[in-house]
$ cat start_31.cif   # mmCIF, C-alpha atoms
data_my_file
#
loop_
_atom_site.label_atom_id
_atom_site.label_comp_id
_atom_site.auth_asym_id
_atom_site.auth_seq_id
_atom_site.Cartn_x
_atom_site.Cartn_y
_atom_site.Cartn_z
CA MET B 1 25.81 -3.30 7.78
CA LYS B 2 25.90 -3.49 3.98
CA TYR B 3 24.57 -7.07 4.19
CA PHE B 4 21.46 -5.98 6.11
CA THR B 5 20.99 -3.02 3.76
CA ASN B 6 20.93 -5.39 0.77
CA ILE B 7 18.39 -7.62 2.49
CA HIS B 8 16.17 -4.60 3.11
CA LYS B 9 16.49 -3.55 -0.54
CA ASN B 10 15.65 -7.05 -1.74
CA LYS B 11 12.54 -7.15 0.41
CA THR B 12 11.49 -3.74 -0.88
CA PHE B 13 11.96 -4.76 -4.52
CA ASN B 14 10.05 -8.00 -3.88
CA TYR B 15 7.09 -6.05 -2.49
CA ILE B 16 7.17 -3.60 -5.40
CA ILE B 17 7.22 -6.33 -8.07
CA ARG B 18 4.49 -8.34 -6.33
CA PHE B 19 2.29 -5.26 -6.08
CA ALA B 20 2.94 -4.38 -9.74
CA ILE B 21 1.95 -7.90 -10.86
CA ILE B 22 -1.30 -7.78 -8.91
CA ILE B 23 -2.20 -4.34 -10.27
CA ALA B 24 -1.34 -5.36 -13.85
CA THR B 25 -3.40 -8.57 -13.57
CA TYR B 26 -6.52 -6.83 -12.31
CA TYR B 27 -6.11 -3.98 -14.80
CA PHE B 28 -5.93 -6.26 -17.83
CA ILE B 29 -8.86 -8.36 -16.70
CA TYR B 30 -10.89 -5.23 -15.92
CA LYS B 31 -10.05 -3.72 -19.30
CA GLN B 32 -11.08 -6.91 -21.10
CA ILE B 33 -14.34 -7.47 -19.27
CA PHE B 34 -15.63 -4.01 -18.42
CA GLN B 35 -13.93 -1.37 -20.55
CA HIS B 36 -14.25 -3.12 -23.89
CA LYS B 37 -17.48 -4.83 -22.78
CA LYS B 38 -16.70 -7.92 -24.84
CA LEU B 39 -18.39 -10.18 -22.33
CA ASP B 40 -21.72 -8.36 -22.17
CA PHE B 41 -23.29 -10.80 -24.61
CA VAL B 42 -22.04 -13.70 -22.44
CA LEU B 43 -23.86 -12.35 -19.39
CA GLN B 44 -26.94 -11.67 -21.48
CA SER B 45 -26.89 -15.16 -22.98
CA PHE B 46 -26.30 -16.74 -19.58
CA SER B 47 -29.12 -14.76 -17.95
CA GLU B 48 -31.52 -16.11 -20.59
CA LEU B 49 -30.58 -19.66 -19.58
CA LEU B 50 -31.01 -19.28 -15.82
CA ASP B 51 -34.57 -20.58 -15.87
CA GLN B 52 -33.37 -23.87 -17.38
CA PRO B 53 -32.35 -26.41 -14.69
CA HIS B 54 -29.77 -28.18 -16.88
CA VAL B 55 -27.64 -25.01 -17.03
CA TYR B 56 -26.63 -25.33 -13.38
CA LEU B 57 -25.44 -28.89 -14.03
CA PHE B 58 -23.31 -27.63 -16.92
CA VAL B 59 -21.82 -24.90 -14.73
CA VAL B 60 -20.95 -27.38 -11.97
CA TRP B 61 -19.24 -29.78 -14.39
CA ILE B 62 -17.34 -27.04 -16.21
CA THR B 63 -16.15 -25.54 -12.91
CA LEU B 64 -14.99 -28.93 -11.69
CA LEU B 65 -13.15 -29.42 -14.96
CA MET B 66 -11.41 -26.08 -14.40
CA VAL B 67 -10.03 -27.42 -11.11
CA VAL B 68 -9.07 -30.70 -12.80
CA ASN B 69 -7.41 -28.81 -15.65
CA TRP B 70 -5.07 -26.80 -13.47
CA GLY B 71 -4.79 -29.68 -11.03
CA ILE B 72 -3.25 -31.84 -13.76
CA GLU B 73 -0.93 -28.99 -14.75
CA SER B 74 0.13 -28.66 -11.09
CA LEU B 75 0.82 -32.40 -10.92
CA LYS B 76 2.87 -32.20 -14.13
CA TRP B 77 4.91 -29.24 -12.90
CA GLN B 78 5.48 -30.88 -9.51
CA PHE B 79 6.63 -34.06 -11.25
CA MET B 80 9.11 -32.10 -13.38
CA ILE B 81 10.35 -29.50 -10.89
CA ASN B 82 11.17 -32.22 -8.33
CA LYS B 83 14.33 -32.67 -10.40
CA ILE B 84 15.79 -29.59 -8.70
CA GLU B 85 13.62 -29.08 -5.58
CA ARG B 86 11.04 -31.15 -3.73
CA VAL B 87 7.77 -29.25 -3.98
CA PRO B 88 4.54 -30.31 -2.21
CA TYR B 89 1.50 -30.60 -4.47
CA LEU B 90 -0.35 -27.71 -2.82
CA LYS B 91 2.65 -25.44 -3.31
CA SER B 92 2.85 -26.53 -6.94
CA PHE B 93 -0.83 -25.63 -7.37
CA LYS B 94 -0.19 -22.17 -5.89
CA ALA B 95 2.81 -21.71 -8.18
CA VAL B 96 0.73 -22.59 -11.24
CA LEU B 97 -2.00 -20.11 -10.27
CA SER B 98 0.52 -17.35 -9.59
CA GLY B 99 2.06 -18.12 -12.98
CA ILE B 100 -1.31 -17.51 -14.63
CA SER B 101 -1.50 -14.13 -12.91
CA VAL B 102 1.90 -13.15 -14.29
CA SER B 103 1.12 -14.53 -17.75
CA ILE B 104 -2.23 -12.77 -18.20
CA PHE B 105 -0.52 -9.61 -19.50
CA THR B 106 2.49 -11.14 -21.30
CA PRO B 107 2.71 -12.18 -25.00
CA ASN B 108 1.71 -15.81 -25.52
CA ARG B 109 1.69 -16.19 -21.73
CA VAL B 110 5.49 -16.54 -21.46
CA GLY B 111 5.30 -14.88 -18.05
CA GLU B 112 3.89 -18.16 -16.77
CA TRP B 113 7.40 -19.67 -16.82
CA PHE B 114 8.77 -16.99 -14.50
CA GLY B 115 5.68 -16.67 -12.34
CA ARG B 116 6.08 -20.25 -11.17
CA VAL B 117 9.79 -20.58 -10.55
CA PHE B 118 10.03 -17.69 -8.11
CA MET B 119 7.92 -19.79 -5.76
CA LEU B 120 10.98 -22.03 -5.35
CA GLU B 121 13.08 -21.51 -2.24
CA LYS B 122 16.45 -23.10 -2.97
CA ALA B 123 16.74 -24.17 -6.61
CA ASN B 124 18.16 -21.91 -9.27
CA PRO B 125 15.20 -20.13 -10.95
CA TRP B 126 16.75 -20.40 -14.42
CA LYS B 127 16.82 -24.18 -14.14
CA GLY B 128 13.17 -23.98 -13.14
CA VAL B 129 12.41 -21.84 -16.20
CA PHE B 130 13.94 -24.39 -18.59
CA ILE B 131 12.06 -27.23 -16.90
CA THR B 132 8.82 -25.25 -17.16
CA ILE B 133 9.51 -24.59 -20.84
CA VAL B 134 9.80 -28.34 -21.45
CA GLY B 135 6.38 -28.77 -19.83
CA SER B 136 4.95 -26.03 -22.06
CA LEU B 137 6.49 -27.68 -25.13
CA SER B 138 4.76 -30.94 -24.24
CA GLN B 139 1.39 -29.15 -24.11
CA LEU B 140 2.14 -27.40 -27.40
CA LEU B 141 3.11 -30.72 -28.98
CA VAL B 142 -0.16 -32.35 -27.94
CA THR B 143 -2.12 -29.38 -29.31
CA ILE B 144 -0.29 -29.55 -32.65
CA ILE B 145 -0.74 -33.32 -32.96
CA ALA B 146 -4.47 -33.14 -32.12
CA GLY B 147 -4.97 -30.27 -34.57
CA ALA B 148 -2.99 -31.95 -37.36
CA VAL B 149 -4.89 -35.24 -36.98
CA SER B 150 -8.21 -33.37 -36.86
CA LEU B 151 -7.24 -31.57 -40.07
CA LEU B 152 -7.07 -34.95 -41.84
CA PHE B 153 -10.72 -35.57 -40.93
CA TYR B 154 -11.83 -31.98 -41.46
CA ILE B 155 -10.60 -31.57 -45.06
CA PRO B 156 -12.59 -34.43 -46.66
CA MET B 157 -15.66 -33.60 -44.54
CA TYR B 158 -15.84 -29.96 -45.58
CA PHE B 159 -13.84 -29.55 -48.79
CA ARG B 160 -14.27 -32.79 -50.77
CA ASN B 161 -16.42 -30.99 -53.35
CA ALA B 162 -14.18 -27.93 -53.59
CA GLU B 163 -12.38 -27.21 -56.86
CA PHE B 164 -8.92 -27.42 -55.35
CA TYR B 165 -9.54 -30.80 -53.68
CA SER B 166 -8.01 -33.97 -55.12
CA ASP B 167 -7.06 -37.35 -53.75
CA TYR B 168 -3.39 -36.74 -54.55
CA LEU B 169 -3.44 -33.47 -52.62
CA TYR B 170 -5.10 -35.18 -49.67
CA TYR B 171 -2.58 -38.04 -49.66
CA GLY B 172 0.21 -35.48 -49.77
CA ILE B 173 -1.26 -33.72 -46.73
CA ILE B 174 -1.48 -37.06 -44.89
CA LEU B 175 2.19 -37.76 -45.63
CA LEU B 176 3.18 -34.26 -44.51
CA VAL B 177 1.21 -34.58 -41.26
CA VAL B 178 2.75 -37.98 -40.49
CA VAL B 179 6.27 -36.64 -41.11
CA ILE B 180 5.69 -33.53 -38.97
CA ILE B 181 4.13 -35.47 -36.08
CA THR B 182 6.87 -38.11 -36.12
CA THR B 183 9.60 -35.45 -36.23
CA LEU B 184 8.09 -33.47 -33.36
CA ILE B 185 7.63 -36.54 -31.15
CA LEU B 186 11.18 -37.73 -31.81
CA PHE B 187 12.52 -34.24 -31.09
CA PHE B 188 10.67 -34.04 -27.77
CA LEU B 189 11.67 -37.54 -26.65
CA ASN B 190 15.30 -36.72 -27.48
CA ILE B 191 15.28 -33.19 -26.09
CA THR B 192 17.77 -34.33 -23.44
CA ALA B 193 20.45 -34.28 -26.15
CA LEU B 194 19.80 -30.60 -26.88
CA PRO B 195 22.10 -29.14 -24.15
CA GLY B 196 25.05 -31.17 -25.45
CA PHE B 197 24.36 -29.95 -28.99
CA VAL B 198 24.01 -26.31 -27.91
CA LYS B 199 27.19 -26.51 -25.83
CA ARG B 200 29.25 -26.85 -29.02
CA PHE B 201 28.21 -23.38 -30.13
CA ILE B 202 28.26 -21.55 -26.78
CA LYS B 203 31.18 -19.32 -26.04
CA GLN B 204 33.05 -19.54 -22.73
CA ARG B 205 31.38 -16.44 -21.34
CA PHE B 206 27.98 -18.15 -21.63
CA VAL B 207 29.07 -21.22 -19.68
CA HIS B 208 26.58 -20.46 -16.89
CA PHE B 209 23.75 -20.58 -19.40
CA ASN B 210 24.69 -24.11 -20.40
CA GLU B 211 24.91 -25.06 -16.71
CA TYR B 212 21.28 -24.06 -16.25
CA PHE B 213 20.15 -25.39 -19.62
CA SER B 214 21.74 -28.82 -18.97
CA VAL B 215 19.01 -29.58 -16.42
CA ILE B 216 16.94 -30.75 -19.39
CA SER B 217 19.32 -33.70 -19.76
CA SER B 218 18.18 -35.09 -16.41
CA PHE B 219 14.87 -36.36 -17.82
CA SER B 220 14.56 -39.96 -18.96
CA THR B 221 12.46 -41.07 -21.93
CA PHE B 222 9.92 -42.59 -19.53
CA GLU B 223 9.60 -39.28 -17.68
CA LEU B 224 9.12 -37.36 -20.92
CA VAL B 225 6.42 -39.82 -22.03
CA THR B 226 4.73 -39.33 -18.64
CA VAL B 227 4.79 -35.56 -19.16
CA LEU B 228 3.25 -36.01 -22.63
CA LEU B 229 0.47 -38.22 -21.25
CA LEU B 230 -0.36 -35.67 -18.54
CA SER B 231 -0.45 -32.96 -21.23
CA LEU B 232 -2.78 -35.13 -23.32
CA LEU B 233 -5.07 -35.66 -20.33
CA ARG B 234 -5.18 -31.93 -19.68
CA TYR B 235 -5.90 -31.26 -23.35
CA CYS B 236 -8.89 -33.61 -23.21
CA VAL B 237 -10.20 -31.72 -20.18
CA PHE B 238 -10.28 -28.23 -21.71
CA ALA B 239 -11.51 -29.59 -25.06
CA LEU B 240 -14.43 -31.15 -23.17
CA GLN B 241 -14.99 -27.85 -21.37
CA PHE B 242 -15.35 -26.04 -24.70
CA TYR B 243 -17.80 -28.64 -25.98
CA LEU B 244 -19.90 -28.41 -22.81
CA PHE B 245 -20.04 -24.62 -23.20
CA LEU B 246 -21.29 -25.04 -26.77
CA MET B 247 -24.00 -27.39 -25.54
CA MET B 248 -24.95 -25.03 -22.72
CA PHE B 249 -25.36 -22.10 -25.11
CA SER B 250 -27.49 -24.23 -27.48
CA VAL B 251 -24.87 -24.65 -30.20
CA ASP B 252 -25.92 -28.20 -31.01
CA ILE B 253 -23.13 -29.95 -32.86
CA PRO B 254 -22.37 -33.70 -32.93
CA LEU B 255 -19.57 -34.78 -30.59
CA ILE B 256 -17.19 -35.94 -33.35
CA HIS B 257 -17.61 -32.78 -35.41
CA GLY B 258 -17.33 -30.69 -32.24
CA LEU B 259 -14.07 -32.27 -31.08
CA ILE B 260 -12.53 -32.02 -34.55
CA ILE B 261 -13.40 -28.33 -34.82
CA ILE B 262 -12.29 -27.57 -31.26
CA ALA B 263 -8.93 -29.22 -31.98
CA LEU B 264 -8.53 -26.99 -35.04
CA VAL B 265 -9.43 -23.87 -33.04
CA PHE B 266 -6.78 -24.67 -30.44
CA PHE B 267 -4.32 -25.54 -33.23
CA ILE B 268 -4.80 -22.18 -34.98
CA MET B 269 -4.59 -20.33 -31.66
CA THR B 270 -1.12 -21.76 -31.03
CA ALA B 271 0.08 -20.37 -34.36
CA ILE B 272 -1.13 -16.81 -33.68
CA PRO B 273 1.16 -14.61 -31.53
CA THR B 274 -1.11 -13.00 -28.94
CA VAL B 275 -1.25 -11.23 -25.65
CA THR B 276 -3.78 -13.04 -23.47
CA LEU B 277 -5.80 -9.84 -23.42
CA ALA B 278 -6.26 -9.99 -27.18
CA GLU B 279 -6.69 -13.77 -27.20
CA LEU B 280 -10.36 -13.54 -26.27
CA GLY B 281 -11.27 -11.72 -29.47
CA ILE B 282 -9.05 -13.90 -31.64
CA ARG B 283 -10.41 -17.09 -30.07
CA GLY B 284 -13.95 -15.92 -30.80
CA SER B 285 -13.14 -15.12 -34.43
CA VAL B 286 -11.43 -18.47 -35.05
CA SER B 287 -14.30 -20.34 -33.36
CA LEU B 288 -16.88 -18.45 -35.40
CA TYR B 289 -15.14 -19.35 -38.65
CA PHE B 290 -14.74 -23.09 -38.10
CA ILE B 291 -17.98 -23.79 -36.24
CA GLY B 292 -19.81 -21.48 -38.64
CA LEU B 293 -18.62 -23.63 -41.56
CA TYR B 294 -20.28 -26.65 -39.94
CA PHE B 295 -23.67 -24.93 -39.73
CA GLU B 296 -23.35 -23.50 -43.24
CA LYS B 297 -22.75 -27.00 -44.58
CA PHE B 298 -24.96 -29.15 -42.35
CA GLY B 299 -27.52 -26.73 -40.93
CA GLU B 300 -28.41 -23.06 -40.70
CA LEU B 301 -26.11 -20.39 -39.26
CA THR B 302 -28.31 -18.04 -37.24
CA ASP B 303 -27.58 -15.03 -35.04
CA LYS B 304 -28.42 -17.15 -32.00
CA ILE B 305 -25.77 -19.70 -32.96
CA ASN B 306 -23.20 -16.95 -33.60
CA ILE B 307 -23.88 -15.51 -30.15
CA GLY B 308 -23.67 -19.00 -28.65
CA ILE B 309 -20.28 -19.60 -30.28
CA LEU B 310 -18.89 -16.28 -29.05
CA SER B 311 -20.33 -16.88 -25.59
CA SER B 312 -18.74 -20.33 -25.44
CA SER B 313 -15.26 -19.19 -26.48
CA SER B 314 -15.40 -16.16 -24.17
CA SER B 315 -16.63 -18.25 -21.24
CA LEU B 316 -13.78 -20.70 -21.77
CA TRP B 317 -11.31 -17.80 -21.54
CA LEU B 318 -13.08 -16.50 -18.46
CA ILE B 319 -13.14 -19.73 -16.51
CA ASN B 320 -9.74 -21.10 -17.56
CA LEU B 321 -7.68 -17.90 -17.47
CA ALA B 322 -9.40 -14.89 -15.92
CA ILE B 323 -10.73 -16.61 -12.79
CA PRO B 324 -7.52 -18.61 -12.10
CA ALA B 325 -5.50 -15.40 -12.67
CA ILE B 326 -7.55 -13.60 -10.03
CA LEU B 327 -7.12 -16.53 -7.63
CA GLY B 328 -3.40 -16.54 -8.38
CA THR B 329 -2.99 -12.98 -7.15
CA PHE B 330 -3.58 -14.28 -3.61
CA PHE B 331 -0.35 -16.32 -3.95
CA VAL B 332 1.80 -13.73 -5.74
CA TYR B 333 2.95 -12.53 -2.31
CA ARG B 334 4.84 -15.83 -2.01
CA LEU B 335 7.00 -15.09 -5.04
CA ASN B 336 10.60 -14.31 -4.12
CA PHE B 337 12.38 -12.43 -6.90
CA PHE B 338 15.44 -11.52 -4.84
CA ARG B 339 17.15 -13.88 -2.45
CA LYS B 340 19.93 -13.40 0.04
#
$ encode --input "start_31.cif" --output "structure tokens"
Amino acid sequence: MKYFTNIHKNKTFNYIIRFAIIIATYYFIYKQIFQHKKLDFVLQSFSELLDQPHVYLFVVWITLLMVVNWGIESLKWQFMINKIERVPYLKSFKAVLSGISVSIFTPNRVGEWFGRVFMLEKANPWKGVFITIVGSLSQLLVTIIAGAVSLLFYIPMYFRNAEFYSDYLYYGIILLVVVIITTLILFFLNITALPGFVKRFIKQRFVHFNEYFSVISSFSTFELVTVLLLSLLRYCVFALQFYLFLMMFSVDIPLIHGLIIIALVFFIMTAIPTVTLAELGIRGSVSLYFIGLYFEKFGELTDKINIGILSSSSSLWLINLAIPAILGTFFVYRLNFFRK
């Protein structure tokens, strides 16, 4: 009798948590879009472009890239999570979308780790969390590398005539970037040794933690390189999305300059602790600063360009996070937080 009572309680708690996630997701998106009205200028800018045929082509390509973006992430997670449970690709895609729904209201989107693993049926969810964290680290690593390399091009382009600039300072920055990138890559490719290192400092009562954490050791160097390449491919997709948005909103900037600045924007965003709700405003401010510097140096920074920059960064948030988060709520009902 007690067994069936526990099952009933588990089902009840599952329903409550699922419902709470859905409500929280819609509330945060509603508050961002409607209550603060931060996207009004996006709708106004977009409405002014509707009479231009090329806009629809931009929208189609950017929407397709959204599917490709999260499709690559689903492929990466499926590839990694198969270490503990065989997951079909479609189920992996649903798990990724449900993870976005959970992450939309959590700091730095950490809820994404937990939103995915509760889609698993048999594997231990904590093992799934650590595997998902490795995937997130690979994406972070690619973002840092792209931003650091872009910084090496950005500094001489924009600050060569500044008082603080010198060749010795620049060479020092190059050396520092090379050391940091090399260290980070070596750390990631040798992350399988981390559980053994941590085990030395874990007390006996935390032995279960090490059991879950040791799943990281199951990845080979080839598999980690594959994960990095998938992360790089995904990075290229959403960088291209941002550039297409800039073009659509008439922020005309050469491709090379655009990609360098976009890499720096993403790089700075990774260093700022944010809730996804606040990320929209921060992303817009960072984009305005770096892209604004380009027009101050090589052109003229007008109100129209400022609006175009804000519209581009806000639209990227909308199409890559808000819309997938809404779609993910349709799969939250599959999440199983309590098992038998």
$ residues_around --input "start_31.cif" --residues "Glu73 (chain B)" --least-positions-apart "4" --cutoff "8 Å" --atoms "all atoms listed in the file" --output "short mmCIF file (atom, residue, chain, number, x, y, z; two decimals) with C-alpha atoms, in the frame of the given file"
data_model
loop_
_atom_site.label_atom_id
_atom_site.label_comp_id
_atom_site.auth_asym_id
_atom_site.auth_seq_id
_atom_site.Cartn_x
_atom_site.Cartn_y
_atom_site.Cartn_z
CA ASN B 69 -7.41 -28.81 -15.65
CA TRP B 77 4.91 -29.24 -12.90
CA VAL B 96 0.73 -22.59 -11.24
CA LEU B 230 -0.36 -35.67 -18.54
CA SER B 231 -0.45 -32.96 -21.23
CA ARG B 234 -5.18 -31.93 -19.68
#
$ residues_near_point --input "start_31.cif" --point "(-5.2, -21.1, -33.9)" --cutoff "10 Å" --atoms "only C-alpha atoms" --output "ChimeraX atom specification"
/B:143-144,147,262-273,282-283,285-287
$ closest_residue --input "start_31.cif" --among "B:Leu169, B:Ile21, B:Leu318, B:Ile216" --to "Ile133 (chain B)" --atoms "all atoms listed in the file"
B:Ile216
$ residues_around --input "start_31.cif" --residues "Val110 (chain B)" --least-positions-apart "5" --cutoff "10 Å" --atoms "all atoms listed in the file" --output "NGL selection string"
:B and (99-100 or 102-105 or 115 or 133 or 136 or 275)
$ residues_around --input "start_31.cif" --residues "Phe219 (chain B)" --least-positions-apart "2" --cutoff "10 Å" --atoms "only C-alpha atoms" --output "JSON list (two decimals) with C-alpha atoms, keeping the file's coordinate frame"
[["chain", "number", "residue", "atom", "x", "y", "z"],
["B", 80, "MET", "CA", 9.11, -32.10, -13.38],
["B", 83, "LYS", "CA", 14.33, -32.67, -10.40],
["B", 131, "ILE", "CA", 12.06, -27.23, -16.90],
["B", 189, "LEU", "CA", 11.67, -37.54, -26.65],
["B", 190, "ASN", "CA", 15.30, -36.72, -27.48],
["B", 191, "ILE", "CA", 15.28, -33.19, -26.09],
["B", 192, "THR", "CA", 17.77, -34.33, -23.44],
["B", 215, "VAL", "CA", 19.01, -29.58, -16.42],
["B", 216, "ILE", "CA", 16.94, -30.75, -19.39],
["B", 217, "SER", "CA", 19.32, -33.70, -19.76],
["B", 221, "THR", "CA", 12.46, -41.07, -21.93],
["B", 222, "PHE", "CA", 9.92, -42.59, -19.53],
["B", 223, "GLU", "CA", 9.60, -39.28, -17.68],
["B", 224, "LEU", "CA", 9.12, -37.36, -20.92]]
$ residues_around --input "start_31.cif" --residues "Ile22 (chain B)" --least-positions-apart "3" --cutoff "9 Å" --atoms "all atoms listed in the file" --output "NGL selection string"
:B and (17-19 or 25-27 or 101-102 or 326 or 329-330 or 332)
$ closest_residue --input "start_31.cif" --among "B:Thr226, B:Thr12, B:Thr106, B:Ser214" --to "Ala24 (chain B)" --atoms "all atoms listed in the file"
B:Thr106
$ resolve_selection --input "start_31.cif" --expression "the PyMOL selection byres ((chain B and resi 154) around 12)" --output "count of residues only"
30
$ atom_distance --input "start_31.cif" --atom1 "CA of Phe79 (chain B)" --atom2 "CA of Leu64 (chain B)"
22.2 Å
$ closest_residue --input "start_31.cif" --among "B:Pro88, B:Gly172, B:Pro254, B:Gly135" --to "Leu228 (chain B)" --atoms "only C-alpha atoms"
B:Gly135
$ closest_residue --input "start_31.cif" --among "B:Ile181, B:Ser312, B:Pro125, B:Ile16" --to "Ile62 (chain B)" --atoms "only C-alpha atoms"
B:Ser312
$ closest_residue --input "start_31.cif" --among "B:Phe249, B:Phe238, B:Tyr212, B:Trp61" --to "Pro195 (chain B)" --atoms "only C-alpha atoms"
B:Tyr212
$ atom_distance --input "start_31.cif" --atom1 "CA of Phe197 (chain B)" --atom2 "CA of Val177 (chain B)"
26.6 Å
$ atom_distance --input "start_31.cif" --atom1 "CA of Gly328 (chain B)" --atom2 "CA of Leu97 (chain B)"
4.3 Å
$ closest_residue --input "start_31.cif" --among "B:Ser314, B:Asn108, B:Ser92, B:Ser166" --to "Ile33 (chain B)" --atoms "all atoms listed in the file"
B:Ser314
$ axis_aligned_box --input "start_31.cif" --around "region 252-267 of chain B" --padding-each-side "6 Å" --output "AutoDock Vina command-line options"
--center_x -15.1 --center_y -29.9 --center_z -32.9 --size_x 33.6 --size_y 24.1 --size_z 17.0
$ residues_around --input "start_31.cif" --residues "Met247 (chain B)" --least-positions-apart "6" --cutoff "9 Å" --atoms "all atoms listed in the file" --output "list in words"
Phe58, Ile253, Gly308 and Ser312 of chain B
